[in-house]
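Worksheet for the structure shown next.
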Amino acid sequence: MSFLKAIAMIWVVCSHCKGGGVSLWLNNWYSYSSHFMAIFIFISGYFYQRNLEKHPVKSILNKIKGWLIPYFIWNIFYGILVNYLKMRDLVSYGDPLSLHNLFVSPWIHGHQFVLNIPAWFVPALFTVFIITFLVRVVLGMIKQSILYDVKDAKNIKDKVDIAIDVILVIIFSCIACYSVYMCQRG
């Protein structure tokens with residue numbers, strides 16, 4: 001896992017510095033930025049716990065409490081700080097303090113207060129978690145309804161779990177490829 005983190009960090013630097021003098025063999029085939037976020041999202045979901053699917057509402061509320069509430073508290077603090085510094089002419093960056101910039105902009109672009117830009121990852125990660133989680137819950141419900149009366153259910157459930165994982169990988173890979181394609185088109 002540490003190796004993947006290291007690769008992703010190198011790609012982040014290379015992406016933000018237009019290579020920054022670093023030329024990796026992959027650069028000519030695919031842009032650095034098309035991989036590092038997928039790796040960070042993968043690492044974040046690597047320890048996904050299937051038992052969360054047993055209590056979907058509780059699990060989502062726990063993620064809101066653990067990820068979004070601290071994020072928005074920090075965003076409010078940072079927004080107040082940046083706007084205070086702007087009033088004192090100590091900085092010239094950052095959007096004005098507003099409900100839109102505090103609670104809507106993080107979901108759109110996350111660049112509202114400039115130096116807080118890296119925090120955009122939290123709402124993005126939450127969105128990916130919610131989509132994946134809800135898809136898994138729905139697929140799990142479908143699986144249970146199909147296998148309800150099957151005699152050798154345990155053996156088949158394992159195969160169906162693997163099939164669900166493969167289906168999710170294919171679906172999200174297609175979405176990722178299309179997203180990269182659309183980004184490259186502008």
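Following the order of the structure tokens, first chain is A, next is B, and so on, with residues numbered from 1 inside each chain and ligands from 1 in the order they appear.
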
Produce a table with one row for each residue of range 58-78 of chain A that has an atom at most 8 Å from any atom of range 91-109 of chain A, each row naming the nearest atom pair and its distance in Å at one decimal; use only C-alpha atoms; arrange rows by chain and rising residue number; format as a Markdown table.
| residue | atom | partner | partner_atom | distance |
| --- | --- | --- | --- | --- |
| A:Phe72 | CA | A:Leu102 | CA | 7.4 |
| A:Asn75 | CA | A:Leu102 | CA | 6.4 |
| A:Ile76 | CA | A:Leu102 | CA | 6.3 |

Open item on the list: Taking 5 positions as the minimum chain separation for residues in the same chain, which residues sit within 9 Å of Leu125 in chain A when counting only C-alpha atoms? Answer as JSON, numbers by chain.
Closed with: {"A": [41, 44, 120, 130]}

Pull N, CA, C and O atoms from the residues just selected and write them as a PDB file, in the first residue's frame.
ATOM      1  N   ILE A  41      -8.244   7.201  -4.355  1.00  0.00           N
ATOM      2  CA  ILE A  41      -9.599   6.719  -4.069  1.00  0.00           C
ATOM      3  C   ILE A  41      -9.544   5.222  -3.756  1.00  0.00           C
ATOM      4  O   ILE A  41     -10.172   4.747  -2.811  1.00  0.00           O
ATOM      5  N   SER A  44      -8.151   4.672  -0.321  1.00  0.00           N
ATOM      6  CA  SER A  44      -9.134   5.058   0.689  1.00  0.00           C
ATOM      7  C   SER A  44     -10.219   4.001   0.854  1.00  0.00           C
ATOM      8  O   SER A  44     -10.727   3.798   1.950  1.00  0.00           O
ATOM      9  N   TRP A 120     -10.423  19.598  -1.258  1.00  0.00           N
ATOM     10  CA  TRP A 120     -11.489  19.209  -2.187  1.00  0.00           C
ATOM     11  C   TRP A 120     -11.648  17.697  -2.225  1.00  0.00           C
ATOM     12  O   TRP A 120     -12.703  17.177  -2.578  1.00  0.00           O
ATOM     13  N   ILE A 130     -20.377   7.182  -1.315  1.00  0.00           N
ATOM     14  CA  ILE A 130     -21.837   7.075  -1.320  1.00  0.00           C
ATOM     15  C   ILE A 130     -22.323   6.338  -2.559  1.00  0.00           C
ATOM     16  O   ILE A 130     -23.170   5.434  -2.470  1.00  0.00           O
TER      17      ILE A 130
END

Task: Exercise: Val82 in chain A partners within 7 Å, only C-alpha atoms, chain neighbours under 4 positions left out, as a ChimeraX atom specification - done: /A:78,86,94,113

Residue selection dump (N, CA, C and O atoms) as a PDB file, in the first residue's frame:
ATOM      1  N   TYR A  78     -11.591  28.353   7.888  1.00  0.00           N
ATOM      2  CA  TYR A  78     -10.652  28.848   6.889  1.00  0.00           C
ATOM      3  C   TYR A  78     -11.257  30.012   6.103  1.00  0.00           C
ATOM      4  O   TYR A  78     -10.573  30.987   5.802  1.00  0.00           O
ATOM      5  N   LYS A  86      -8.057  39.206   4.170  1.00  0.00           N
ATOM      6  CA  LYS A  86      -8.335  40.056   3.005  1.00  0.00           C
ATOM      7  C   LYS A  86      -8.775  41.454   3.439  1.00  0.00           C
ATOM      8  O   LYS A  86      -8.365  42.455   2.844  1.00  0.00           O
ATOM      9  N   GLY A  94      -8.796  34.303  -2.384  1.00  0.00           N
ATOM     10  CA  GLY A  94      -9.949  33.744  -1.682  1.00  0.00           C
ATOM     11  C   GLY A  94     -11.247  34.399  -2.094  1.00  0.00           C
ATOM     12  O   GLY A  94     -11.312  35.603  -2.297  1.00  0.00           O
ATOM     13  N   PHE A 113     -11.274  28.981  -1.346  1.00  0.00           N
ATOM     14  CA  PHE A 113     -10.412  29.751  -0.447  1.00  0.00           C
ATOM     15  C   PHE A 113      -8.928  29.514  -0.716  1.00  0.00           C
ATOM     16  O   PHE A 113      -8.084  29.648   0.175  1.00  0.00           O
TER      17      PHE A 113
END

Open item on the list: My list of candidates is A:Lys63, A:Lys5, A:Lys143, A:Arg136. Which is closest to Val169 in chain A when distances are computed with only C-alpha atoms?
Closed with: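 Nearest to Val169 in chain A: A:Arg136.
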
TODO: Give the alpha helix (DSSP H) residues of range 73-160 of chain A, as DSSP finds them on the backbone, and put them as a ChimeraX atom specification.
DONE: /A:73-87,99,105-108,121-147,153-160

Selection to disk with C-alpha atoms, as an mmCIF file, in the first residue's frame:
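This is the output file part_13.cif:
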data_model
loop_
_atom_site.group_PDB
_atom_site.id
_atom_site.type_symbol
_atom_site.label_atom_id
_atom_site.label_comp_id
_atom_site.auth_asym_id
_atom_site.auth_seq_id
_atom_site.Cartn_x
_atom_site.Cartn_y
_atom_site.Cartn_z
ATOM 1 C CA ILE A 73 -16.080 23.130 10.222
ATOM 2 C CA TRP A 74 -12.587 23.579 8.769
ATOM 3 C CA ASN A 75 -14.013 25.243 5.662
ATOM 4 C CA ILE A 76 -15.954 27.748 7.791
ATOM 5 C CA PHE A 77 -12.884 28.462 9.931
ATOM 6 C CA TYR A 78 -10.652 28.848 6.889
ATOM 7 C CA GLY A 79 -13.216 31.008 5.060
ATOM 8 C CA ILE A 80 -13.457 33.364 8.048
ATOM 9 C CA LEU A 81 -9.654 33.482 8.361
ATOM 10 C CA VAL A 82 -9.038 34.219 4.664
ATOM 11 C CA ASN A 83 -11.715 36.909 4.565
ATOM 12 C CA TYR A 84 -10.367 38.519 7.748
ATOM 13 C CA LEU A 85 -6.873 38.586 6.210
ATOM 14 C CA LYS A 86 -8.335 40.056 3.005
ATOM 15 C CA MET A 87 -10.061 42.843 4.974
ATOM 16 C CA LEU A 99 -23.181 30.209 2.172
ATOM 17 C CA SER A 105 -18.552 25.381 -4.015
ATOM 18 C CA PRO A 106 -16.792 22.458 -2.273
ATOM 19 C CA TRP A 107 -19.033 20.083 -4.259
ATOM 20 C CA ILE A 108 -18.423 21.914 -7.553
ATOM 21 C CA PHE A 121 -10.636 15.521 -1.872
ATOM 22 C CA VAL A 122 -12.965 15.055 1.128
ATOM 23 C CA PRO A 123 -16.292 15.831 -0.642
ATOM 24 C CA ALA A 124 -15.064 13.942 -3.722
ATOM 25 C CA LEU A 125 -14.163 10.887 -1.639
ATOM 26 C CA PHE A 126 -17.503 11.081 0.170
ATOM 27 C CA THR A 127 -19.335 11.183 -3.181
ATOM 28 C CA VAL A 128 -17.437 8.155 -4.478
ATOM 29 C CA PHE A 129 -18.107 6.310 -1.215
ATOM 30 C CA ILE A 130 -21.837 7.075 -1.320
ATOM 31 C CA ILE A 131 -22.238 6.028 -4.955
ATOM 32 C CA THR A 132 -20.257 2.814 -4.471
ATOM 33 C CA PHE A 133 -21.952 2.060 -1.163
ATOM 34 C CA LEU A 134 -25.482 2.546 -2.509
ATOM 35 C CA VAL A 135 -24.741 0.487 -5.626
ATOM 36 C CA ARG A 136 -23.384 -2.317 -3.419
ATOM 37 C CA VAL A 137 -26.414 -2.155 -1.112
ATOM 38 C CA VAL A 138 -28.844 -2.341 -4.050
ATOM 39 C CA LEU A 139 -26.883 -5.169 -5.704
ATOM 40 C CA GLY A 140 -26.776 -6.975 -2.348
ATOM 41 C CA MET A 141 -30.561 -6.708 -2.023
ATOM 42 C CA ILE A 142 -30.983 -8.066 -5.545
ATOM 43 C CA LYS A 143 -28.550 -10.888 -4.741
ATOM 44 C CA GLN A 144 -30.491 -11.837 -1.598
ATOM 45 C CA SER A 145 -33.818 -11.836 -3.406
ATOM 46 C CA ILE A 146 -32.415 -14.066 -6.182
ATOM 47 C CA LEU A 147 -30.666 -16.492 -3.819
ATOM 48 C CA ALA A 153 -26.622 -20.584 -1.339
ATOM 49 C CA LYS A 154 -23.254 -20.243 0.469
ATOM 50 C CA ASN A 155 -21.249 -21.546 -2.489
ATOM 51 C CA ILE A 156 -23.197 -19.443 -4.955
ATOM 52 C CA LYS A 157 -23.107 -16.293 -2.755
ATOM 53 C CA ASP A 158 -19.309 -16.251 -2.865
ATOM 54 C CA LYS A 159 -19.368 -16.443 -6.657
ATOM 55 C CA VAL A 160 -22.039 -13.758 -6.857
#

TODO: Choose the residue, out of A:Leu68, A:Met37, A:Ile7, A:Ile43, that has the smallest atom-to-atom separation from Ala176 in chain A; count only C-alpha atoms.
DONE: A:Met37
